[in-house]
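J.: Quick one: structure below, then a few questions.
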Amino acid sequence: MHHFGHIAPEVRQRLFHREPGDFTADSPPAMLAAALGATLYSPATRPRLADDVLKQAGRGVVSMVLCLEDSIDDAEVADAEENLVRQFTDLATRPDVRPPLLFVRVRAAGQITDLVRRLGPAVRLLSGFVLPKFTEERGAPFLEALSAAESAAGRRLFAMPVLESPELLHLDTRGDTLAGIARTVDKYRDRVLALRLGVTDFCSAYGLRRPPDMTAYDVQIVASVIGDVVNLLGRADGTGFTVTGPVWEYFRHQERMFKPQLRRSPFLEGRAVELRQALIEHDMDGLLREIELDRANGLLGKTCIHPSHVMPVHALSVVSHEEYGDAQDILRPERGGGGVLRSAYTNKMNEVKPHRAWAERTLQRAEAFGVAREDIGFVELLTAGLPA
């Protein structure tokens with residue numbers, strides 16, 4: 001699979017200087033972590049879940065979480081598990097099926113080994129599990145169960161812990177909680193694909209809910225936690241993990257909510273204000289700003305609860321021609337000794353040593369999401385990727 005694989009090859013050629021790279025569920029963890037993109041959540045109770053998964057794959061989704069936790073009622077868990085096993089089995093029997101990376105969000109550690117056993121041969125479609133409310137005390141049993149399930153399944157299974165507990169939010173317990181999480185995920189480093197942030201739970205602890213014109217970074221108590229998580233767990237020195245962006249909870253009912261307006265707007269002739277106005281009218285301006293702030297604060301990818309959020313995340317994840325040129329210049333072998341050079345775009349100075357980690361991460365993102373042509377921006381990428 002690869003990002004933007006759902007659009008025609010001739011369109012991709014017009015959009016990309018370097019097309020997104022191919023990857024599979026068996027690709028190296030670093031590539032998979034970078035390529036997660038917009039991870040779409042879906043309740044495991046959906047009666048046509050297998051069809052939904054394939055429909056979203058056909059619209060550009062490359063990672064999904066099928067949820068047995070907060071998205072369903074406590075009384076629905078047993079039925080949801082049965083439905084999940086049934087839908088995986090359905091997918092596994094379809095010829096030439098190419099689902100996205102599939103993860104299951106569980107409630108308890110015992111569900112991991114139980115579900116792997118019940119899935120049988122269909123476990124080949126499972127990439128791993130999402131572990132809720134992760135702390136050292138609660139997380140260790142999940143990861144131990146994952147190790148046992150991996151052995152039973154005979155295939156690699158990843159964990160994506162969700163950092164959302166009150167202990168992590170509260171200032172008096174944050175330091176110890178973060179240190180415990182760091183010890184736990186480091187012990188199971190080979191199995192931890194990415195760390196996910198549960199900002200909705202953070203807000204809940206203080207009775208907060210950000211409005212659609214504000215981002216998570218405008219809620220200072222939340223922004224402080226994100227900063228501390230990245231500080232300890234997102235370092236670029238080889239000890240860090242991929243940390244994904246928080247969920248955006250606002251959407252309109254129709255997935256094609258702004259494509260007609262984009263088509264009518266003369267943004268392709270340089271009037272980007274029209275695009276911004278179209279997006280503001282559809283409650284999307286906050287999402288776009290939050291995606292940009294996610295990356296500026298060290299996060300990659302995003303939790304999504306609605307299909308309309310997927311393409312904005314992916315379009316803003318594509319590396320620009322300018323970023324790519326700067327990253328390549330910084331990482332040239334002859335620059336190994338450091339120094340400063342002017343950007344080929346003549347608008348900034350690139351310092352080789354301080355910007356090296358940024359350049360390495362940029363080229364990793366380029367491998368996953370591609371590099372736009374010099375005259376291609378977010379608008380063209382977004383509109384090309386939206387459903388027809």
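Residues in the structure tokens are numbered from 1 in each chain, the chains being A, B, ... in the order shown, and ligands are numbered from 1 in the order shown.
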Name all residues at most 10 Å from Ala223 in chain A (count only C-alpha atoms; drop same-chain ones fewer than 6 positions away) and give them as a list in words.

T.: Val199, Thr215, Ala216, Tyr217, Val229 and Asn297 of chain A

J.: For the residues selected in the previous step, produce a file with all heavy atoms as a short mmCIF file (atom, residue, chain, number, x, y, z; two decimals), in the first residue's frame.

T.:
data_model
loop_
_atom_site.label_atom_id
_atom_site.label_comp_id
_atom_site.auth_asym_id
_atom_site.auth_seq_id
_atom_site.Cartn_x
_atom_site.Cartn_y
_atom_site.Cartn_z
N VAL A 199 -6.40 13.39 24.19
CA VAL A 199 -6.69 14.74 24.66
C VAL A 199 -8.12 14.89 25.17
O VAL A 199 -8.38 15.67 26.08
CB VAL A 199 -6.37 15.76 23.55
CG1 VAL A 199 -6.98 17.12 23.84
CG2 VAL A 199 -4.85 15.90 23.41
N THR A 215 -7.57 25.07 18.93
CA THR A 215 -6.85 23.81 18.84
C THR A 215 -6.50 23.31 20.23
O THR A 215 -6.69 24.01 21.24
CB THR A 215 -5.54 23.99 18.05
OG1 THR A 215 -4.61 24.74 18.86
CG2 THR A 215 -5.78 24.75 16.74
N ALA A 216 -5.99 22.10 20.30
CA ALA A 216 -5.54 21.55 21.58
C ALA A 216 -4.47 22.43 22.21
O ALA A 216 -4.33 22.47 23.43
CB ALA A 216 -5.02 20.13 21.38
N TYR A 217 -3.73 23.14 21.37
CA TYR A 217 -2.63 23.96 21.88
C TYR A 217 -3.12 25.27 22.47
O TYR A 217 -2.35 25.98 23.14
CB TYR A 217 -1.62 24.20 20.75
CG TYR A 217 -1.10 22.89 20.20
CD1 TYR A 217 -1.72 22.27 19.11
CD2 TYR A 217 -0.04 22.23 20.81
CE1 TYR A 217 -1.28 21.05 18.63
CE2 TYR A 217 0.41 21.01 20.34
CZ TYR A 217 -0.22 20.42 19.25
OH TYR A 217 0.22 19.19 18.79
N VAL A 229 5.17 15.25 27.22
CA VAL A 229 5.25 13.92 26.58
C VAL A 229 6.31 13.93 25.49
O VAL A 229 7.15 13.02 25.40
CB VAL A 229 3.87 13.51 26.02
CG1 VAL A 229 4.01 12.29 25.10
CG2 VAL A 229 2.90 13.19 27.16
N ASN A 297 5.08 20.84 16.83
CA ASN A 297 5.37 20.43 18.21
C ASN A 297 5.89 18.99 18.31
O ASN A 297 5.94 18.43 19.41
CB ASN A 297 4.11 20.59 19.07
CG ASN A 297 3.85 22.05 19.42
OD1 ASN A 297 4.42 22.57 20.37
ND2 ASN A 297 3.00 22.71 18.64
#

J.: Considering only strand (DSSP E) as DSSP defines it on the backbone, what residues of range 122-355 of chain A qualify? List them as a ChimeraX atom specification.

T.: /A:126-131,158-163,195-197,243-248,302-304,340-342,349-351

J.: By how many Å are CA of Gln220 in chain A and CA of Cys203 in chain A apart?

T.: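 Atom-to-atom, CA of Gln220 in chain A and CA of Cys203 in chain A are spaced 10.5 Å apart.
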
J.: Between A:Glu360, A:Glu144, A:Glu69, A:Glu290, which one has atoms that come closest to Glu323 in chain A, using only C-alpha atoms?

T.: A:Glu360

J.: List the neighbours of Ala25 in chain A out to 12 Å using only C-alpha atoms; skip same-chain residues closer than 5 positions along the sequence, and give me the result as a list in words.

T.: Met1, His2, Ala30, Met31, Leu32, Ala33, Ala35, Leu36, Val62, Ser63, Arg98, Pro99, Pro100, Leu101, Leu102, Phe103, Arg124, Leu125, Leu126, Ser127, Gly128, Arg155, Arg156, Leu157, Phe158 and Leu193 of chain A

J.: Residues of range 44-79 of chain A that have any atom at most 9 Å from an atom of range 85-95 of chain A: could you tabulate them with the shortest-distance atom pair and the distance in Å to one decimal, using only C-alpha atoms, ordered by chain and increasing number, as CSV?

T.:
residue,atom,partner,partner_atom,distance
A:Pro47,CA,A:Gln87,CA,8.4
A:Arg48,CA,A:Gln87,CA,7.7
A:Leu49,CA,A:Gln87,CA,6.2
A:Ala50,CA,A:Gln87,CA,5.2
A:Asp51,CA,A:Leu91,CA,8.4
A:Leu54,CA,A:Leu91,CA,8.7

J.: Create the file for the chosen residues now, containing all heavy atoms and written as a compact mmCIF listing (two decimals), in the first residue's frame.

T.:
# COMPACT_ATOMS: atom_id res chain seq x y z
N PRO A 47 -22.26 -3.40 11.96
CA PRO A 47 -22.65 -4.69 11.39
C PRO A 47 -21.98 -4.98 10.04
O PRO A 47 -21.84 -6.15 9.67
CB PRO A 47 -24.17 -4.58 11.24
CG PRO A 47 -24.46 -3.12 11.24
CD PRO A 47 -23.42 -2.50 12.11
N ARG A 48 -21.59 -3.96 9.30
CA ARG A 48 -20.92 -4.15 8.01
C ARG A 48 -19.48 -3.64 8.10
O ARG A 48 -18.98 -2.96 7.20
CB ARG A 48 -21.69 -3.45 6.90
CG ARG A 48 -23.11 -3.99 6.70
CD ARG A 48 -23.84 -3.29 5.57
NE ARG A 48 -23.15 -3.47 4.30
CZ ARG A 48 -23.29 -4.52 3.49
NH1 ARG A 48 -24.10 -5.51 3.86
NH2 ARG A 48 -22.64 -4.60 2.36
N LEU A 49 -18.82 -4.00 9.18
CA LEU A 49 -17.49 -3.48 9.45
C LEU A 49 -16.50 -3.84 8.35
O LEU A 49 -15.67 -3.01 7.95
CB LEU A 49 -17.01 -3.99 10.81
CG LEU A 49 -15.71 -3.40 11.36
CD1 LEU A 49 -15.82 -1.88 11.50
CD2 LEU A 49 -15.37 -4.03 12.70
N ALA A 50 -16.55 -5.07 7.86
CA ALA A 50 -15.61 -5.48 6.81
C ALA A 50 -15.78 -4.61 5.56
O ALA A 50 -14.79 -4.16 4.97
CB ALA A 50 -15.83 -6.95 6.46
N ASP A 51 -17.02 -4.35 5.17
CA ASP A 51 -17.26 -3.48 4.02
C ASP A 51 -16.79 -2.05 4.30
O ASP A 51 -16.24 -1.39 3.42
CB ASP A 51 -18.76 -3.47 3.67
CG ASP A 51 -19.24 -4.80 3.13
OD1 ASP A 51 -18.42 -5.54 2.55
OD2 ASP A 51 -20.44 -5.10 3.30
N LEU A 54 -12.95 -1.79 3.89
CA LEU A 54 -12.51 -1.77 2.49
C LEU A 54 -12.93 -0.48 1.80
O LEU A 54 -12.19 0.05 0.95
CB LEU A 54 -13.08 -2.98 1.74
CG LEU A 54 -12.58 -4.34 2.25
CD1 LEU A 54 -13.17 -5.47 1.42
CD2 LEU A 54 -11.05 -4.40 2.23

J.: Could you find all residues in range 69-203 of chain A that DSSP calls alpha helix (DSSP H) from the backbone, and write them as a PyMOL selection string?

T.: chain A and resi 77-93+109-119+136-153+166-169+171-187+199-203
